[in-house]
Amino acid sequence: MLSLIIWIPLVAGLIAAMAPQRFAAWIAGSGAVATLALVVVVLIGFDPGGGMQYVTDVTWIPGLGVDYNLGIDGLSIFLVLLTAVAWVPAIAFTASRGTERPGLYFLMLLAGETATLGAFLSQDLLLFVLFFDLMIVPFYFLFGIFGNDREGVTASSATLKMIVFTLIGSLLMLVGAIALAVISADGGALTFNMAELTARGLPSGSQNWIFWLFAAAFLVKMPAFPLHGWMPDAYRAAPLPALAVFSAVLSKVGAYGFLRVVLPMMPDATELFQTTMLILGLASIIYGSVMAFTKTDLRLILGFSSIAQLGFITAGIFALNTSGGEGALLQMINHGVIVVPAFLIVALIAERFGSEDIQGMGGLAKKAPVFAVVFLIVTMATLAIPGSPNFIGEFFIVNGLFQTNVAIAIIATSGMAFSAFYALRMYQRTMHNPLPDGADSREISVRDGLVIVPMVLITVVLAFCPQLIIHGSEPAVDTVVALSNVEAAK
Amino acid sequence: MTFDSPSIDYAALSPIIALTAGLVVLVLVAVFDSIKRFGSPIALLTLAVTAGCLIWQWDTNTDLVAGSLHFDGITVTLSLLCVVSAAVAVLLSIGDPAEKQTGRSDYLALLMGSVLGMVMLTQANNIITFFVALELLSIPLYALCATNLRKRDSLESGLKYLIIGSVGSATLLYGLALIYGTSGAMEFPQIAAGYLGDGTPDSINKLVGDPLTLVGIGMVTVGLAFKVSIAPFHQWTPDVYQGAPTPITAFMAVATKAAVFAIFIRFFLVALIGMVDGWDVMLAALAAFSMVVGNVGALAQTSLKRMLGYSGIAQAGYMLCGVIVATQDGISALVFYLAAYVAMNLAAFAVLVAHERRTGFSDDISSLRGLGRSKPLLAWPLTIAMLALAGLPPTAGFIGKLYLIEALVDADWTWLGVMIAIGTMISLVYYLRVVAAVWMSPEAEASPTDEIDTSGLPPAVAGGSAGDFTDGQAHRRWYLVLPAVIGAAATIFFGVVPQPLVEFAQQAGNALSAYIS
């Protein structure tokens, strides 16, 4: 079942690449929808308290102790759902606009989905690393081939920077994963099975350096301050639909990695570096917010606000209590759900003004009230206004932080205030003020509405029923948090 | 009075016999103009028979010719890799200027001679066969490098290789003499015994720590390092790679490494196994240095052949790690990596040959621009090869690095594992630059499919225009495209289903179970 979920996108992508180009979008779209349908089936049969489910465990490379081991639990199920959901509008949006060489485009986009789902579903550490590495490759091609050259930075150099940054992290993680397995095997049979590795435990001295090998990979991927150097150029180069899923989902794999790998397997190091990680999270919040406030390029505003959001998520994870963990997980979903329509809206706005710089914008709301409302919802969710799902997520996180460290909690709260600045500024500059000459203030078309509005509706639903996610993931988060605390209590 | 004639194990000698026979036939064929054109089929047949004999002897583990050769899993696996690369080199040579100018059969006979040296080297088990096989491998290569008679670079490359290679050989021979002097034995197992005594600390030969022994080991290492281009003995590599005819470069880059690493394994892990502590740090330093020099050097290259030369230096550093750990796992990892290296490098070189021949001998990276759009059959194999060399999943290159790092960490050489990771990071930049040129840049000028653009050619193409040997249809020639596609497909296949290749590699690792754990 889970194998089907992982491989259907890739197969659809391969067919799309080989089929006549005018069918490519349809084939790709049906692949993504089929994946989504399967994920929903899994979700329906999912038991929140049941631990690891739908397990597939096949020996893959016995010589190296690597298994093809998949499973889904409360930590991953909603992220898998998010992935499956996010890819549909991205493909639909691309299909409605058309693209050069659609076969190659959809092949890469769907290969990206396969790799991302694989990373969320792997229960073998090495398989996880492999999918984690693999994720970046299709996006390298997407950004590089289909991206835009900006002044001073070509798409290919921007993406080169991105892939080098991310793979530096990934390679260190590969060494870390091998070291973790070899050291915990302690001369016995080598295995990369995550549950087994957690059970075996690791001497705390080794944990301390292996922790950073993993943390580097995850922090680069998020990206977190100060490892975000690749982000601005790559975001500016990327084609928007691909960027939407990239920002929505791939960044979450980093945060997910902390929950899945670091906390359970390296509890001592987690405890030791808790404050460091909290401060890194805070730095991301503040840096991201301030940068988002100073940038005028819509993509960069969203990009830096993502850094801030992921700072929150990191802080929530390293609060090391249920409330923080819950909030982090909820916030991952929220951010993903909001960022997809946000980037697609950027694409629509850019079509209307011919640029993505908010300095030349304004006045869209006058003639396009529906569009404005859609955007307003997204904005409000970004600034975590009470009544939005982000409010609940951030509330949980801050609540968790207060139990851990009051000072950090207070500073983190100020980050919420910052987000109001940049989110409202973005909304105002685009929608209010006089309409500049030459801008085309069309209303959102039905076709685009069909792509974007469902995502916005999900946001609204989450705002009212966050317990859907909390209920489903709570047992799993509890387990992880408990694992990271058991050792500390000793 | 009866004589017991010494028993000769013809079965285990069969690969050598087959190769020698093929070599003789090729030399004879060269005499007759009318049948010269059958050179390539004869060479391929010879290689196929050799490969067949090797597979037939898969499980053999025995001493040959009074212990001067030893046939085991290392022989089988690494000889197979050499034979496969030779077969690809034969295919790539069809229609190559070098082959046309020298006379097809002469050229191929030289190539077979080199392969014969390699197959012998993988089973060399005493100092004499070691040296003889290494020279048999090298001398035809010196000549082959210079076979593109009209290209000044090619002649220069041959001469350079000859001089530097001879210095390497001389150093090696001197080192071997010192080893013989201190251990008192020729055969590798006897050398080990000579150094070890009966195993008790007191009985260990006092000469183990002797400066003479250490100098001997050092000189042997230097000699071998010249051959596999490990830094700082690598300076010849980029020049020779660039100047030599590309099919020969492909063969040198891949097969020489396989054969020389076989003797690395056998010499260090059999003969010198008692002194691991004496040489492992030295080799580790060389490996680390090689990774840095190769990867950093490759960054600045604009010629694809030079870049692959530098990348080969770095890769040799990675492979050397498999010897350093001195475990069976290490050998298996090394053999696995070599096999992956053969597949991905040959795919890259096959594309390069096709590209060069199509566009009139330009191996500049920028000349690859737009290839992804115009020639997908060349672009995809090249892309896969580059991603694999960079160690990205799902390719055999990734599994190979994984295997090596696992062996390193297992033997407490974690810092070398980290060095591999760091080297790989640097290498991403230059491998991906090729990918970017292929896919992410607009096509270079008008498509040179039928028309040859000679403006960018070096003036060194003396005595005739490059047009004599260009082939506008090169990207459709099966003998060029097939190796590229098969190499790329194998790279992906063994990245997804690595187990068969892991077992292949373990065949080599298990061969030394008597010496190492």
# chains A, B, ... in the order shown; residues from 1 in each chain; ligands from 1

$ select_by_dssp --residues "stretch 319-436 of chain A" --states "helix (DSSP H, G or I)" --output "PyMOL selection string"
chain A and resi 322-353+358-360+364-367+369-382+389-404+406-431

$ interface_residues --of "chain A" --to "chain B" --cutoff "9 Å" --atoms "only C-alpha atoms" --output "PyMOL selection string"
chain A and resi 60-64+130-131+133-134+137+141+144-146+155-157+160-161+163-165+167-168+171-172+174-175+178-179+182-183+187

$ residues_around --residues "A:Phe23" --least-positions-apart "2" --cutoff "12 Å" --atoms "only C-alpha atoms" --output "number ranges by chain"
A: 12-13, 15-21, 25-30, 95, 98, 101-103, 106

$ atom_distance --atom1 "atom CA of A:Ala199" --atom2 "atom CA of A:Thr83"
29.3 Å

$ residues_around --residues "B:Asp364" --least-positions-apart "4" --cutoff "7 Å" --atoms "only C-alpha atoms" --output "number ranges by chain"
B: 302-304

$ write_last_selection --atoms "C-alpha atoms" --output "PDB file, in the first residue's frame"
ATOM      1  CA  THR B 302      37.064  23.624 -18.655  1.00  0.00           C
ATOM      2  CA  SER B 303      37.991  20.501 -20.589  1.00  0.00           C
ATOM      3  CA  LEU B 304      35.815  17.534 -19.767  1.00  0.00           C
TER       4      LEU B 304
END

$ atom_distance --atom1 "atom CA of B:Val293" --atom2 "atom CA of B:Met386"
19.1 Å

$ residues_around --residues "stretch 155-162 of chain B" --least-positions-apart "5" --cutoff "10 Å" --atoms "only C-alpha atoms" --output "ChimeraX atom specification"
/B:138-139,141-150,167-168,227,236-245

$ residues_around --residues "A:Leu457" --least-positions-apart "3" --cutoff "12 Å" --atoms "only C-alpha atoms" --output "list of chain:residue names"
A:Asn334, A:Val337, A:Ile338, A:Pro341, A:Val374, A:Ile377, A:Val378, A:Ala381, A:Ser388, A:Pro389, A:Gly449, A:Leu450, A:Val451, A:Ile452, A:Val453, A:Pro454, A:Val460, A:Val461, A:Leu462, A:Ala463, A:Phe464

$ write_last_selection --atoms "N, CA and C atoms" --output "PDB file, in the first residue's frame"
ATOM      1  N   ASN A 334       0.008  23.519   8.891  1.00  0.00           N
ATOM      2  CA  ASN A 334      -0.576  24.824   8.590  1.00  0.00           C
ATOM      3  C   ASN A 334       0.263  25.588   7.582  1.00  0.00           C
ATOM      4  N   VAL A 337      -0.012  24.145   4.161  1.00  0.00           N
ATOM      5  CA  VAL A 337      -1.299  24.375   3.512  1.00  0.00           C
ATOM      6  C   VAL A 337      -1.417  25.827   3.054  1.00  0.00           C
ATOM      7  N   ILE A 338      -0.809  26.730   3.784  1.00  0.00           N
ATOM      8  CA  ILE A 338      -0.963  28.144   3.430  1.00  0.00           C
ATOM      9  C   ILE A 338       0.025  28.576   2.354  1.00  0.00           C
ATOM     10  N   PRO A 341      -1.123  27.968  -1.623  1.00  0.00           N
ATOM     11  CA  PRO A 341      -1.901  29.024  -2.277  1.00  0.00           C
ATOM     12  C   PRO A 341      -1.173  30.359  -2.301  1.00  0.00           C
ATOM     13  N   VAL A 374      -9.593  35.960  -0.892  1.00  0.00           N
ATOM     14  CA  VAL A 374      -8.768  34.752  -0.819  1.00  0.00           C
ATOM     15  C   VAL A 374      -7.391  35.096  -0.253  1.00  0.00           C
ATOM     16  N   ILE A 377      -7.456  35.886   3.479  1.00  0.00           N
ATOM     17  CA  ILE A 377      -7.465  34.716   4.363  1.00  0.00           C
ATOM     18  C   ILE A 377      -6.050  34.170   4.529  1.00  0.00           C
ATOM     19  N   VAL A 378      -5.360  34.076   3.408  1.00  0.00           N
ATOM     20  CA  VAL A 378      -3.995  33.568   3.472  1.00  0.00           C
ATOM     21  C   VAL A 378      -3.134  34.473   4.352  1.00  0.00           C
ATOM     22  N   ALA A 381      -3.957  34.086   7.993  1.00  0.00           N
ATOM     23  CA  ALA A 381      -3.417  32.837   8.520  1.00  0.00           C
ATOM     24  C   ALA A 381      -1.925  32.978   8.760  1.00  0.00           C
ATOM     25  N   SER A 388      -7.362  31.607  13.218  1.00  0.00           N
ATOM     26  CA  SER A 388      -6.679  30.918  12.125  1.00  0.00           C
ATOM     27  C   SER A 388      -5.974  29.691  12.703  1.00  0.00           C
ATOM     28  N   PRO A 389      -5.703  28.702  11.854  1.00  0.00           N
ATOM     29  CA  PRO A 389      -5.030  27.509  12.375  1.00  0.00           C
ATOM     30  C   PRO A 389      -3.646  27.828  12.916  1.00  0.00           C
ATOM     31  N   GLY A 449      -9.386  29.809  -9.552  1.00  0.00           N
ATOM     32  CA  GLY A 449     -10.107  29.684  -8.289  1.00  0.00           C
ATOM     33  C   GLY A 449     -10.231  28.228  -7.890  1.00  0.00           C
ATOM     34  N   LEU A 450     -10.526  27.386  -8.870  1.00  0.00           N
ATOM     35  CA  LEU A 450     -10.674  25.960  -8.570  1.00  0.00           C
ATOM     36  C   LEU A 450      -9.374  25.368  -8.036  1.00  0.00           C
ATOM     37  N   VAL A 451      -8.261  25.926  -8.461  1.00  0.00           N
ATOM     38  CA  VAL A 451      -6.982  25.414  -7.990  1.00  0.00           C
ATOM     39  C   VAL A 451      -6.680  25.910  -6.583  1.00  0.00           C
ATOM     40  N   ILE A 452      -6.949  27.209  -6.357  1.00  0.00           N
ATOM     41  CA  ILE A 452      -6.468  27.825  -5.126  1.00  0.00           C
ATOM     42  C   ILE A 452      -7.459  27.715  -3.980  1.00  0.00           C
ATOM     43  N   VAL A 453      -8.748  27.917  -4.309  1.00  0.00           N
ATOM     44  CA  VAL A 453      -9.734  28.000  -3.226  1.00  0.00           C
ATOM     45  C   VAL A 453      -9.789  26.737  -2.360  1.00  0.00           C
ATOM     46  N   PRO A 454      -9.708  25.517  -2.945  1.00  0.00           N
ATOM     47  CA  PRO A 454      -9.745  24.347  -2.065  1.00  0.00           C
ATOM     48  C   PRO A 454      -8.649  24.365  -1.008  1.00  0.00           C
ATOM     49  N   VAL A 460      -9.278  27.030   6.351  1.00  0.00           N
ATOM     50  CA  VAL A 460     -10.419  27.416   7.172  1.00  0.00           C
ATOM     51  C   VAL A 460     -10.882  26.237   8.017  1.00  0.00           C
ATOM     52  N   VAL A 461     -10.950  25.059   7.385  1.00  0.00           N
ATOM     53  CA  VAL A 461     -11.380  23.874   8.129  1.00  0.00           C
ATOM     54  C   VAL A 461     -10.434  23.617   9.289  1.00  0.00           C
ATOM     55  N   LEU A 462      -9.121  23.726   9.015  1.00  0.00           N
ATOM     56  CA  LEU A 462      -8.152  23.480  10.080  1.00  0.00           C
ATOM     57  C   LEU A 462      -8.313  24.484  11.210  1.00  0.00           C
ATOM     58  N   ALA A 463      -8.724  25.687  10.850  1.00  0.00           N
ATOM     59  CA  ALA A 463      -8.892  26.709  11.875  1.00  0.00           C
ATOM     60  C   ALA A 463      -9.956  26.287  12.873  1.00  0.00           C
ATOM     61  N   PHE A 464     -10.985  25.655  12.376  1.00  0.00           N
ATOM     62  CA  PHE A 464     -12.071  25.291  13.288  1.00  0.00           C
ATOM     63  C   PHE A 464     -11.882  23.912  13.909  1.00  0.00           C
TER      64      PHE A 464
END

$ closest_residue --among "B:Ala170, B:Leu196, B:Ile516, B:Ile486" --to "B:Thr182" --atoms "only C-alpha atoms"
B:Leu196

$ residues_around --residues "B:Gly95" --least-positions-apart "6" --cutoff "10 Å" --atoms "only C-alpha atoms" --output "JSON, numbers by chain"
{"B": [104, 357, 469, 470, 471, 474, 479]}

$ write_last_selection --atoms "C-alpha atoms" --output "CSV table (one decimal), in the first residue's frame"
chain,number,residue,atom,x,y,z
B,104,ARG,CA,43.5,-1.4,-36.7
B,357,ARG,CA,33.6,12.8,-33.1
B,469,PHE,CA,37.6,12.0,-38.9
B,470,THR,CA,34.5,13.8,-37.8
B,471,ASP,CA,31.3,11.9,-38.1
B,474,ALA,CA,28.3,9.8,-34.3
B,479,TYR,CA,29.0,1.2,-31.0

$ closest_residue --among "A:Met455, A:Leu75, A:Ala32, A:Leu219" --to "A:Gly50" --atoms "only C-alpha atoms"
A:Leu75

$ atom_distance --atom1 "atom CA of B:Ile217" --atom2 "atom CA of B:Gly274"
12.6 Å

$ closest_residue --among "B:Ser34, B:Gln315, B:Thr75, B:Asn125" --to "B:Ala51" --atoms "only C-alpha atoms"
B:Thr75

$ closest_residue --among "B:Gln190, B:Ser166, B:Thr246, B:Gln123" --to "B:Leu224" --atoms "only C-alpha atoms"
B:Ser166

$ closest_residue --among "A:Val85, A:Ile358, A:Val261, A:Ala215" --to "A:Glu196" --atoms "only C-alpha atoms"
A:Val261

$ closest_residue --among "A:Ile313, A:His228, A:Ala181, A:Leu2" --to "A:Leu38" --atoms "only C-alpha atoms"
A:Leu2
